[in-house]
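Working notes, beginning with the structure itself.
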Amino acid sequence: MQQKIFSGVQPTGNIHLGNYLGALRNWVKLQDEYDTIYCIVDLHAMTVEYDPDELERNRVDTAKVLLALGVDPDRSLLYTQSQVPGHAELAWILGTMMPMGVLNRMTQFKEKTAGGTASNLGLYSYPVLMAADILLHHANLVPVGDDQRQHIEVTRDLAERFNNKFGDTFPIPEGYIPETSARVMSFTDPTTKMSKSDPQVKSRISVLDDPDVIRKRIRSAVTDSDPEVRYDVAEKPGIANLLEIMSACSGDSIDVLVDEYGSGGYGAFKDAVADAVIAEVEPVKNRYKALNNGDVRNVLRSSGIRANESALGYMDEARRATGLKGY
Ligand code: ATP
Ligand code: LTN
């Protein structure tokens, strides 16, 4: 049977360069070879403070950006998590098998709550819902950025626990993480990852930003005072980040880039990085503008129906295995 791909993105704001280089570019690429299912995880987005109208706008807008990036609804399912009740139901079942000790060690929960996000049960059990997303569709590969490694481990662990207790049900999924730019860093603090929820807008580039904004952000990206362009994550995290971004956008290896820009100063290097990023994201905005919200909603509606139909069969299996056979 064809290998299955599943991944998700939160409808919490503008899709940024990190989302694109770390995950979404692979979403598009993998459509050529695999059975691909992509989900806008609105239930996950509810785990932090949010406004309902904004969530609705963000769901449609996120779908629109994904279509503009090249997610093709003729080849992939593209729907919102809340359209398929199986996600929440399987999360409950998996939650009964999830040791709290493991949840207590999850870095995302610790970082978010340390950063001031109010804790709630949904935020705490976020990894269980993510595992349910992946296992619900019996996915084999999960294209994500580096920050999701721990969540993929939890998913594998839950699948194994389930299979050992109730019989072989779920394939054990693997992460699909790019070699360069798997963790794009913030332009204002290159020791933290670029993030949708960073209050500092200057920390990121949206894939819909105009070329002059992109250039300005990269020119003002925090670096260091030594003018040599070389790859050293510990000593020169800002430059290392820009080298990774440029390598991912241009296709040149980091060694080749260091040879070319090593002694030319930061100004020339940053301009070259901006050129490479602009060339990579430029077509996205035009395709985004050509899409209308009604068509985007139609894609979500029809994909959601198909995703639900496919999930029902798998949910039936999981229910039977756990002693919840229907009457
Ligand atoms: P937030 O930081 O506000 O929680 P986010 O920017 O991480 O949001 P998500 O929707 O959670 O966005 O992530 C979507 C995908 O993008 C995931 O696969 C995630 O691993 C990837 N991703 C997110 N940030 C980065 C980054 N800085 N570099 C590389 N990949 C990233
Ligand atoms: N936690 C992920 C979003 C996400 C996801 C998933 C990714 C939710 N469910 C299933 C892959 C597979 C994040 O990017 N923060």
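For the structure tokens, the naming scheme is as follows: chains receive sequential letters (A, B, ...) according to their order of presentation, residues are indexed from 1 within each chain, and ligands are indexed from 1 in presentation order.
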| Near-ligand residues for ligand 2, threshold 7 Å, only C-alpha atoms and all ligand atoms, as a list in words | Phe6, Ser7, Gly8, Val9, Gln10, Val41, His44, Leu129, Met130, Ala131, Asp133, Ile134, Val142, Pro143, Val144 and Gln148 of chain A
Report as a Markdown table the residues of chain A within 6 Å of ligand 1, each with its shortest atom pair and distance in Å (one decimal), using only C-alpha atoms and all ligand atoms, ordered by chain and increasing residue number.
| residue | atom | partner | partner_atom_place_in_ligand_line | distance |
| --- | --- | --- | --- | --- |
| A:Val9 | CA | ligand 1 | 10 (O) | 3.8 |
| A:Gln10 | CA | ligand 1 | 10 (O) | 3.7 |
| A:Gly18 | CA | ligand 1 | 28 (N) | 3.7 |
| A:Asn19 | CA | ligand 1 | 16 (O) | 3.5 |
| A:Gly22 | CA | ligand 1 | 30 (N) | 3.5 |
| A:Ala23 | CA | ligand 1 | 18 (O) | 4.8 |
| A:Val144 | CA | ligand 1 | 18 (O) | 3.3 |
| A:Gly145 | CA | ligand 1 | 20 (O) | 3.2 |
| A:Asp146 | CA | ligand 1 | 20 (O) | 5.7 |
| A:Asp147 | CA | ligand 1 | 20 (O) | 5.1 |
| A:Gln148 | CA | ligand 1 | 20 (O) | 5.0 |
| A:Ala182 | CA | ligand 1 | 29 (C) | 4.5 |
| A:Arg183 | CA | ligand 1 | 28 (N) | 3.5 |
| A:Val184 | CA | ligand 1 | 28 (N) | 3.7 |
| A:Met185 | CA | ligand 1 | 27 (N) | 5.4 |
| A:Lys193 | CA | ligand 1 | 27 (N) | 4.4 |
| A:Met194 | CA | ligand 1 | 27 (N) | 3.9 |
| A:Ser195 | CA | ligand 1 | 6 (O) | 3.8 |
| A:Lys196 | CA | ligand 1 | 3 (O) | 4.0 |
| A:Ser197 | CA | ligand 1 | 3 (O) | 3.7 |
Using only N, CA and C atoms, please write the residues we just selected to a file, as a compact mmCIF listing (two decimals), in the first residue's frame.
# COMPACT_ATOMS: atom_id res chain seq x y z
N VAL A 9 -0.79 22.20 10.76
CA VAL A 9 -0.30 23.55 11.05
C VAL A 9 -1.39 24.27 11.83
N GLN A 10 -0.96 25.10 12.78
CA GLN A 10 -1.95 25.81 13.60
C GLN A 10 -2.44 27.08 12.89
N GLY A 18 10.04 30.12 8.66
CA GLY A 18 10.37 28.89 9.39
C GLY A 18 9.37 27.79 9.09
N ASN A 19 8.09 28.11 9.12
CA ASN A 19 7.06 27.12 8.79
C ASN A 19 7.31 26.56 7.38
N GLY A 22 10.92 24.75 7.15
CA GLY A 22 10.99 23.60 8.05
C GLY A 22 9.99 22.50 7.68
N ALA A 23 8.82 22.88 7.18
CA ALA A 23 7.79 21.86 6.99
C ALA A 23 7.02 21.99 5.67
N VAL A 144 7.67 17.71 9.41
CA VAL A 144 7.61 18.78 10.42
C VAL A 144 8.99 19.41 10.57
N GLY A 145 9.04 20.52 11.29
CA GLY A 145 10.31 21.14 11.66
C GLY A 145 10.91 20.45 12.87
N ASP A 146 12.14 20.83 13.17
CA ASP A 146 12.91 20.20 14.25
C ASP A 146 12.24 20.31 15.62
N ASP A 147 11.46 21.39 15.83
CA ASP A 147 10.84 21.58 17.15
C ASP A 147 9.80 20.51 17.48
N GLN A 148 9.41 19.71 16.49
CA GLN A 148 8.36 18.72 16.75
C GLN A 148 8.90 17.32 17.05
N ALA A 182 15.80 23.23 9.42
CA ALA A 182 14.76 22.52 10.16
C ALA A 182 14.34 23.34 11.37
N ARG A 183 15.19 24.30 11.76
CA ARG A 183 14.84 25.19 12.88
C ARG A 183 15.33 26.60 12.51
N VAL A 184 14.46 27.34 11.84
CA VAL A 184 14.81 28.71 11.47
C VAL A 184 14.69 29.56 12.73
N MET A 185 15.72 30.39 12.98
CA MET A 185 15.74 31.14 14.22
C MET A 185 15.17 32.55 14.03
N LYS A 193 13.60 30.04 18.37
CA LYS A 193 13.09 29.75 17.02
C LYS A 193 12.14 30.83 16.54
N MET A 194 12.12 31.01 15.22
CA MET A 194 11.13 31.92 14.62
C MET A 194 9.75 31.33 14.91
N SER A 195 8.82 32.18 15.34
CA SER A 195 7.55 31.65 15.81
C SER A 195 6.41 32.61 15.46
N LYS A 196 5.23 32.01 15.18
CA LYS A 196 4.06 32.83 14.87
C LYS A 196 3.64 33.65 16.08
N SER A 197 3.88 33.08 17.28
CA SER A 197 3.35 33.74 18.47
C SER A 197 4.34 34.72 19.11
| query | Distance atom CA of A:Gly251-atom CA of A:Asp271, one decimal place? | reply | 16.8 Å
| field | Spatial neighbours of stretch 257-259 of chain A, 8 Å, only C-alpha atoms, chain gap at least 4 places, as number ranges by chain | value | A: 229-231, 243, 247, 252-253
| Which neighbours of stretch 233-238 of chain A fall inside 12 Å, counting only C-alpha atoms, when residues of the same chain fewer than 5 positions from it are skipped, and could you give them as a VMD selection string? | chain A and resid 183 to 194 203 218 to 228 243 to 245 266 270
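Once A:Asn104 and its same-chain neighbours fewer than 6 positions away are set aside, Met98, Lys110, Glu111, Thr113, Leu123, Tyr124, Ser125, Tyr126 and Pro127 of chain A remain within 12 Å of it when counting only C-alpha atoms.
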| query | Looking at A:Ala307, A:Ile93, A:Ala68, A:Leu21, which one is nearest to A:Glu179, with distances taken over only C-alpha atoms? | reply | A:Leu21
